[in-house]
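Heads up, input_28.json below (JSON, C-alpha atoms):
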```
[["chain", "number", "residue", "atom", "x", "y", "z"],
["A", 1, "MET", "CA", 59.43, -29.51, 10.51],
["A", 2, "ARG", "CA", 56.65, -27.18, 11.53],
["A", 3, "GLU", "CA", 57.17, -24.79, 8.67],
["A", 4, "SER", "CA", 56.60, -27.47, 6.04],
["A", 5, "ARG", "CA", 52.94, -28.05, 6.98],
["A", 6, "GLU", "CA", 50.57, -26.65, 4.37],
["A", 7, "SER", "CA", 47.36, -26.40, 6.36],
["A", 8, "GLY", "CA", 46.32, -26.31, 9.99],
["A", 9, "GLY", "CA", 47.61, -24.15, 12.75],
["A", 10, "ARG", "CA", 46.38, -20.79, 13.85],
["A", 11, "GLY", "CA", 47.26, -18.88, 10.70],
["A", 12, "HIS", "CA", 44.88, -20.89, 8.57],
["A", 13, "ASP", "CA", 41.94, -20.51, 10.90],
["A", 14, "ARG", "CA", 42.45, -16.82, 11.13],
["A", 15, "GLY", "CA", 42.18, -16.57, 7.35],
["A", 16, "ARG", "CA", 38.84, -18.33, 7.33],
["A", 17, "LYS", "CA", 37.43, -16.15, 10.03],
["A", 18, "LYS", "CA", 38.33, -13.06, 8.05],
["A", 19, "GLN", "CA", 36.54, -14.34, 4.95],
["A", 20, "TYR", "CA", 33.35, -14.97, 6.91],
["A", 21, "LYS", "CA", 33.44, -11.53, 8.42],
["A", 22, "LYS", "CA", 33.83, -9.96, 5.00],
["A", 23, "LYS", "CA", 30.76, -11.76, 3.69],
["A", 24, "PHE", "CA", 28.77, -10.60, 6.68],
["A", 25, "LEU", "CA", 29.77, -7.00, 6.14],
["A", 26, "PHE", "CA", 28.29, -6.88, 2.67],
["A", 27, "ARG", "CA", 24.92, -8.26, 3.67],
["A", 28, "LYS", "CA", 21.93, -6.34, 2.39],
["A", 29, "LYS", "CA", 20.49, -3.92, 4.92],
["A", 30, "LYS", "CA", 17.31, -5.18, 6.58],
["A", 31, "PHE", "CA", 14.27, -2.95, 6.59],
["A", 32, "CYS", "CA", 10.80, -2.95, 8.04],
["A", 33, "LYS", "CA", 8.31, -3.93, 5.35],
["A", 34, "PHE", "CA", 5.50, -2.02, 7.05],
["A", 35, "CYS", "CA", 7.44, 1.21, 7.43],
["A", 36, "ASP", "CA", 8.62, 0.92, 3.85],
["A", 37, "GLU", "CA", 5.14, 0.40, 2.41],
["A", 38, "LYS", "CA", 3.58, 2.79, 4.94],
["A", 39, "ILE", "CA", 1.14, 0.19, 6.26],
["A", 40, "LYS", "CA", -0.29, 1.74, 9.41],
["A", 41, "PHE", "CA", -2.63, -0.99, 10.46],
["A", 42, "ILE", "CA", -2.07, -4.72, 10.19],
["A", 43, "ASP", "CA", -5.32, -6.57, 9.66],
["A", 44, "TYR", "CA", -5.84, -10.04, 11.11],
["A", 45, "LYS", "CA", -8.04, -10.78, 8.10],
["A", 46, "ASP", "CA", -5.19, -10.32, 5.64],
["A", 47, "VAL", "CA", -4.13, -13.96, 5.57],
["A", 48, "ARG", "CA", -1.71, -13.64, 2.68],
["A", 49, "LEU", "CA", 0.26, -10.94, 4.45],
["A", 50, "LEU", "CA", 0.37, -12.86, 7.72],
["A", 51, "GLN", "CA", 1.45, -16.07, 6.01],
["A", 52, "ALA", "CA", 4.56, -14.34, 4.77],
["A", 53, "PHE", "CA", 5.51, -13.83, 8.43],
["A", 54, "THR", "CA", 4.70, -17.36, 9.62],
["A", 55, "PRO", "CA", 6.99, -19.57, 7.55],
["A", 56, "GLU", "CA", 7.22, -23.38, 7.55],
["A", 57, "ARG", "CA", 6.32, -24.31, 11.10],
["A", 58, "SER", "CA", 3.93, -21.37, 11.43],
["A", 59, "LYS", "CA", 6.06, -19.71, 14.07],
["A", 60, "ILE", "CA", 6.10, -15.93, 14.10],
["A", 61, "PHE", "CA", 9.07, -14.73, 12.09],
["A", 62, "PRO", "CA", 11.53, -13.11, 14.53],
["A", 63, "ARG", "CA", 12.41, -9.47, 14.25],
["A", 64, "ARG", "CA", 16.12, -10.14, 14.16],
["A", 65, "ILE", "CA", 15.66, -11.99, 10.85],
["A", 66, "SER", "CA", 12.76, -10.18, 9.21],
["A", 67, "GLY", "CA", 13.98, -6.70, 10.16],
["A", 68, "THR", "CA", 10.50, -5.51, 11.16],
["A", 69, "CYS", "CA", 10.61, -2.58, 13.57],
["A", 70, "SER", "CA", 9.40, -3.18, 17.12],
["A", 71, "LYS", "CA", 6.27, -1.12, 16.73],
["A", 72, "HIS", "CA", 5.11, -3.08, 13.72],
["A", 73, "GLN", "CA", 6.27, -6.41, 15.14],
["A", 74, "ARG", "CA", 3.93, -5.90, 18.10],
["A", 75, "LYS", "CA", 1.02, -5.15, 15.81],
["A", 76, "LEU", "CA", 1.91, -8.06, 13.58],
["A", 77, "MET", "CA", 2.03, -10.37, 16.59],
["A", 78, "GLN", "CA", -1.45, -9.27, 17.67],
["A", 79, "ALA", "CA", -2.83, -9.82, 14.16],
["A", 80, "ILE", "CA", -1.26, -13.27, 13.85],
["A", 81, "LYS", "CA", -2.68, -14.35, 17.20],
["A", 82, "ARG", "CA", -6.15, -13.17, 16.24],
["A", 83, "ALA", "CA", -5.99, -14.97, 12.91],
["A", 84, "ARG", "CA", -4.93, -18.14, 14.73],
["A", 85, "ILE", "CA", -7.99, -18.03, 16.97],
["A", 86, "LEU", "CA", -10.19, -17.89, 13.89],
["A", 87, "ALA", "CA", -8.36, -20.84, 12.29],
["A", 88, "LEU", "CA", -7.26, -18.64, 9.39],
["A", 89, "ILE", "CA", -3.64, -19.60, 9.94],
["A", 90, "PRO", "CA", -2.38, -22.60, 11.93],
["A", 91, "PHE", "CA", -0.82, -22.49, 15.39],
["A", 92, "THR", "CA", 1.67, -25.11, 14.28],
["A", 93, "SER", "CA", 2.12, -27.21, 11.19],
["A", 94, "ASP", "CA", 3.45, -30.71, 11.90],
["B", 1, "MET", "CA", -20.87, 3.49, 21.97],
["B", 2, "LEU", "CA", -17.93, 1.68, 20.54],
["B", 3, "GLN", "CA", -17.25, -0.14, 17.35],
["B", 4, "TYR", "CA", -16.61, -3.84, 17.28],
["B", 5, "GLU", "CA", -15.88, -6.51, 14.75],
["B", 6, "THR", "CA", -17.36, -9.92, 15.37],
["B", 7, "VAL", "CA", -16.37, -12.92, 13.30],
["B", 8, "PHE", "CA", -18.06, -16.24, 13.79],
["B", 9, "ILE", "CA", -17.61, -19.61, 12.15],
["B", 10, "GLY", "CA", -20.79, -21.55, 11.45],
["B", 11, "ASP", "CA", -21.08, -25.30, 11.22],
["B", 12, "PRO", "CA", -20.58, -26.20, 7.52],
["B", 13, "VAL", "CA", -23.61, -28.51, 7.43],
["B", 14, "HIS", "CA", -25.87, -25.46, 7.35],
["B", 15, "THR", "CA", -27.19, -23.92, 4.16],
["B", 16, "ASP", "CA", -26.87, -20.26, 3.21],
["B", 17, "GLU", "CA", -30.47, -19.61, 4.26],
["B", 18, "GLU", "CA", -29.86, -20.99, 7.73],
["B", 19, "ILE", "CA", -26.81, -18.78, 8.11],
["B", 20, "ASP", "CA", -28.79, -15.76, 6.88],
["B", 21, "GLU", "CA", -31.41, -16.54, 9.50],
["B", 22, "LEU", "CA", -28.73, -16.65, 12.16],
["B", 23, "VAL", "CA", -27.32, -13.29, 11.05],
["B", 24, "LYS", "CA", -30.80, -11.78, 11.01],
["B", 25, "GLY", "CA", -31.35, -12.97, 14.56],
["B", 26, "PHE", "CA", -28.17, -11.25, 15.71],
["B", 27, "GLU", "CA", -29.05, -8.07, 13.83],
["B", 28, "GLN", "CA", -32.35, -7.95, 15.74],
["B", 29, "ILE", "CA", -30.56, -8.36, 19.06],
["B", 30, "VAL", "CA", -28.18, -5.53, 18.19],
["B", 31, "THR", "CA", -30.89, -3.09, 17.11],
["B", 32, "ALA", "CA", -33.03, -4.01, 20.12],
["B", 33, "ALA", "CA", -30.16, -3.05, 22.41],
["B", 34, "GLY", "CA", -29.79, 0.32, 20.67],
["B", 35, "GLY", "CA", -26.81, -0.63, 18.53],
["B", 36, "LYS", "CA", -26.23, -0.45, 14.83],
["B", 37, "VAL", "CA", -25.01, -3.05, 12.36],
["B", 38, "LEU", "CA", -22.53, -1.27, 10.10],
["B", 39, "LYS", "CA", -21.52, -4.14, 7.88],
["B", 40, "VAL", "CA", -22.18, -7.83, 7.33],
["B", 41, "GLU", "CA", -19.75, -9.75, 5.19],
["B", 42, "LYS", "CA", -20.00, -13.42, 4.34],
["B", 43, "TRP", "CA", -16.73, -15.07, 3.48],
["B", 44, "GLY", "CA", -18.41, -18.36, 2.61],
["B", 45, "LYS", "CA", -17.10, -21.81, 3.26],
["B", 46, "ARG", "CA", -13.40, -21.92, 4.05],
["B", 47, "ARG", "CA", -11.05, -24.66, 5.07],
["B", 48, "LEU", "CA", -10.00, -24.32, 8.72],
["B", 49, "ALA", "CA", -6.29, -24.19, 9.46],
["B", 50, "TYR", "CA", -6.82, -26.82, 12.15],
["B", 51, "THR", "CA", -9.79, -28.95, 13.16],
["B", 52, "ILE", "CA", -12.23, -27.47, 15.67],
["B", 53, "HIS", "CA", -14.58, -30.04, 17.24],
["B", 54, "HIS", "CA", -13.89, -32.41, 14.34],
["B", 55, "HIS", "CA", -14.84, -29.78, 11.77],
["B", 56, "GLU", "CA", -12.55, -29.39, 8.78],
["B", 57, "GLU", "CA", -14.46, -26.50, 7.21],
["B", 58, "GLY", "CA", -16.50, -23.59, 8.42],
["B", 59, "ILE", "CA", -18.77, -20.83, 7.16],
["B", 60, "TYR", "CA", -17.28, -17.46, 8.09],
["B", 61, "VAL", "CA", -19.35, -14.35, 8.75],
["B", 62, "LEU", "CA", -18.01, -10.94, 9.74],
["B", 63, "MET", "CA", -20.24, -8.35, 11.41],
["B", 64, "THR", "CA", -19.15, -4.80, 12.19],
["B", 65, "LEU", "CA", -21.20, -3.30, 14.98],
["B", 66, "GLU", "CA", -21.61, -0.07, 16.86],
["B", 67, "CYS", "CA", -23.09, -0.88, 20.22],
["B", 68, "PRO", "CA", -22.70, -0.50, 23.98],
["B", 69, "ALA", "CA", -20.13, -2.73, 25.65],
["B", 70, "SER", "CA", -22.79, -4.67, 27.53],
["B", 71, "LEU", "CA", -24.17, -5.99, 24.25],
["B", 72, "ILE", "CA", -20.85, -7.57, 23.33],
["B", 73, "LYS", "CA", -21.03, -9.57, 26.52],
["B", 74, "GLU", "CA", -24.53, -10.69, 25.66],
["B", 75, "MET", "CA", -23.54, -11.52, 22.06],
["B", 76, "ASP", "CA", -20.59, -13.49, 23.34],
["B", 77, "ARG", "CA", -22.88, -15.54, 25.57],
["B", 78, "ARG", "CA", -25.32, -16.20, 22.75],
["B", 79, "LEU", "CA", -22.62, -17.12, 20.27],
["B", 80, "ARG", "CA", -21.13, -19.52, 22.79],
["B", 81, "MET", "CA", -24.48, -21.18, 23.52],
["B", 82, "ASN", "CA", -25.44, -21.52, 19.86],
["B", 83, "GLU", "CA", -24.72, -25.02, 18.64],
["B", 84, "ARG", "CA", -24.57, -23.89, 15.04],
["B", 85, "ILE", "CA", -21.47, -21.87, 15.77],
["B", 86, "VAL", "CA", -18.07, -23.49, 15.93],
["B", 87, "ARG", "CA", -15.94, -20.51, 16.93],
["B", 88, "HIS", "CA", -16.39, -16.77, 17.41],
["B", 89, "MET", "CA", -14.31, -13.73, 18.21],
["B", 90, "ALA", "CA", -15.13, -10.08, 18.88],
["B", 91, "VAL", "CA", -12.50, -7.37, 18.74],
["B", 92, "ARG", "CA", -12.71, -3.66, 19.29],
["B", 93, "VAL", "CA", -12.07, -1.44, 16.31],
["B", 94, "GLU", "CA", -10.13, 1.58, 17.42],
["B", 95, "ASN", "CA", -9.14, 3.86, 14.61],
["B", 96, "GLU", "CA", -8.94, 1.56, 11.65],
["B", 97, "LEU", "CA", -12.65, 1.11, 10.94],
["B", 98, "GLN", "CA", -13.05, -0.22, 7.42],
["B", 99, "LEU", "CA", -16.47, -0.37, 5.90],
["B", 100, "GLY", "CA", -15.24, -1.42, 2.50],
["B", 101, "PRO", "CA", -14.57, -5.02, 1.58],
["B", 102, "SER", "CA", -12.00, -6.69, 3.82],
["B", 103, "PRO", "CA", -8.84, -8.36, 2.48],
["B", 104, "MET", "CA", -10.75, -11.62, 2.62],
["B", 105, "MET", "CA", -12.95, -10.52, -0.26],
["B", 106, "ARG", "CA", -10.03, -9.78, -2.55],
["B", 107, "PRO", "CA", -9.98, -11.98, -5.64],
["B", 108, "ARG", "CA", -7.75, -14.93, -5.08],
["B", 109, "PRO", "CA", -4.56, -14.96, -7.13],
["B", 110, "GLU", "CA", -4.12, -17.74, -9.64],
["B", 111, "ARG", "CA", -2.28, -19.99, -7.26],
["B", 112, "ASP", "CA", -3.84, -21.35, -4.08],
["B", 113, "ASP", "CA", -3.92, -18.98, -1.12],
["B", 114, "THR", "CA", -2.60, -21.63, 1.22],
["B", 115, "LEU", "CA", 0.86, -21.22, -0.23],
["B", 116, "VAL", "CA", 3.47, -19.47, 1.83],
["B", 117, "GLU", "CA", 4.87, -16.47, 0.05],
["B", 118, "PRO", "CA", 8.60, -16.23, -0.38],
["B", 119, "LEU", "CA", 10.13, -14.34, 2.49],
["B", 120, "MET", "CA", 11.86, -11.03, 2.22],
["B", 121, "ALA", "CA", 15.50, -11.08, 1.32],
["B", 122, "PRO", "CA", 17.54, -11.55, 4.48]]
```

Taking this structure as input, can you express it in the form of structure tokens?
Amino acid sequence: MRESRESGGRGHDRGRKKQYKKKFLFRKKKFCKFCDEKIKFIDYKDVRLLQAFTPERSKIFPRRISGTCSKHQRKLMQAIKRARILALIPFTSD
Amino acid sequence: MLQYETVFIGDPVHTDEEIDELVKGFEQIVTAAGGKVLKVEKWGKRRLAYTIHHHEEGIYVLMTLECPASLIKEMDRRLRMNERIVRHMAVRVENELQLGPSPMMRPRPERDDTLVEPLMAP
């Protein structure tokens, strides 16, 4: 009886897991935009640049997703906070 | 003497002349205290990202100064007391002093600058 089932059971799940892992392996390598473009200093006045790192809800884009290196993330954070004080970019958006 | 960047946001009801007057006043204070004004940049009227004291817009002015630290304290006090000023901020410039036009003066691309640029590929 058990052998006649087409789906379900452990074997099936294991197959799915493998597929997901494969996809993950071929993900494009993340890189730090600032290291790549050799931007030494992140200006709080550069609103367009900062907006790219404060998507949708205006939260600071996390390093684990953007791939920014820790050195530049710290500088970016400082710049974003300064721009927020000057109402150049919002603290939150709805 | 150290270098500082001061940005203040003026009340949008004021005209350009009134803002110029304000800037002139600050320049006098700086020179009187033995400092130097390296750059004054007017960004004009901009929409604020959030309302400050019921203001939707503000007139932005950037001043780059070289002055003793005590003057920044004095400037801060004056900027705070001035009713024409909505918000102000002074930051120290360490090794990235730029006397050329700031990114704010770059010509705006065709589309509105409030748009969020597409993020980098994950």

Separation of atom CA of A:Ile89 from atom CA of A:Gln51 in Å: 7.3 Å

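Take the candidates B:Met75, B:Ile52, B:Met89, B:Ile59 and check each one against B:Gly25 using all atoms listed in the file; the shortest distance goes to B:Met75.
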
Residues of chain A within 8 Å of chain B, only C-alpha atoms counted, as a VMD selection string: chain A and resid 28 30 41 45 to 48 51 to 53 55 to 56 65 to 66 85 to 90

Residue neighbourhood B:Gln98, 12 Å, all atoms listed in the file, exclusion window fewer than 4 positions, as JSON, numbers by chain: {"A": [41, 43, 45], "B": [3, 4, 5, 38, 39, 40, 41, 63, 64, 65, 93, 94, 102, 103]}

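As for atom CA of A:Gln78 and atom CA of A:Glu37, they are spaced 19.2 Å apart.
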
Straight-line distance linking atom CA of B:Ile19 with atom CA of B:His53, stated in Å to one decimal: 19.0 Å

Quick one: what's the axis-aligned box for stretch 81-88 of chain A, all listed atoms, 5 Å on every side, centre and edges in Å to one decimal, as JSON?
```
{"center_x": -6.4, "center_y": -17.0, "center_z": 13.3, "size_x": 17.5, "size_y": 17.7, "size_z": 17.8}
```

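Using all atoms listed in the file, the smallest distance between any of B:Pro101, B:Trp43, B:Leu2, B:His14 and B:Ile72 comes from B:Leu2.
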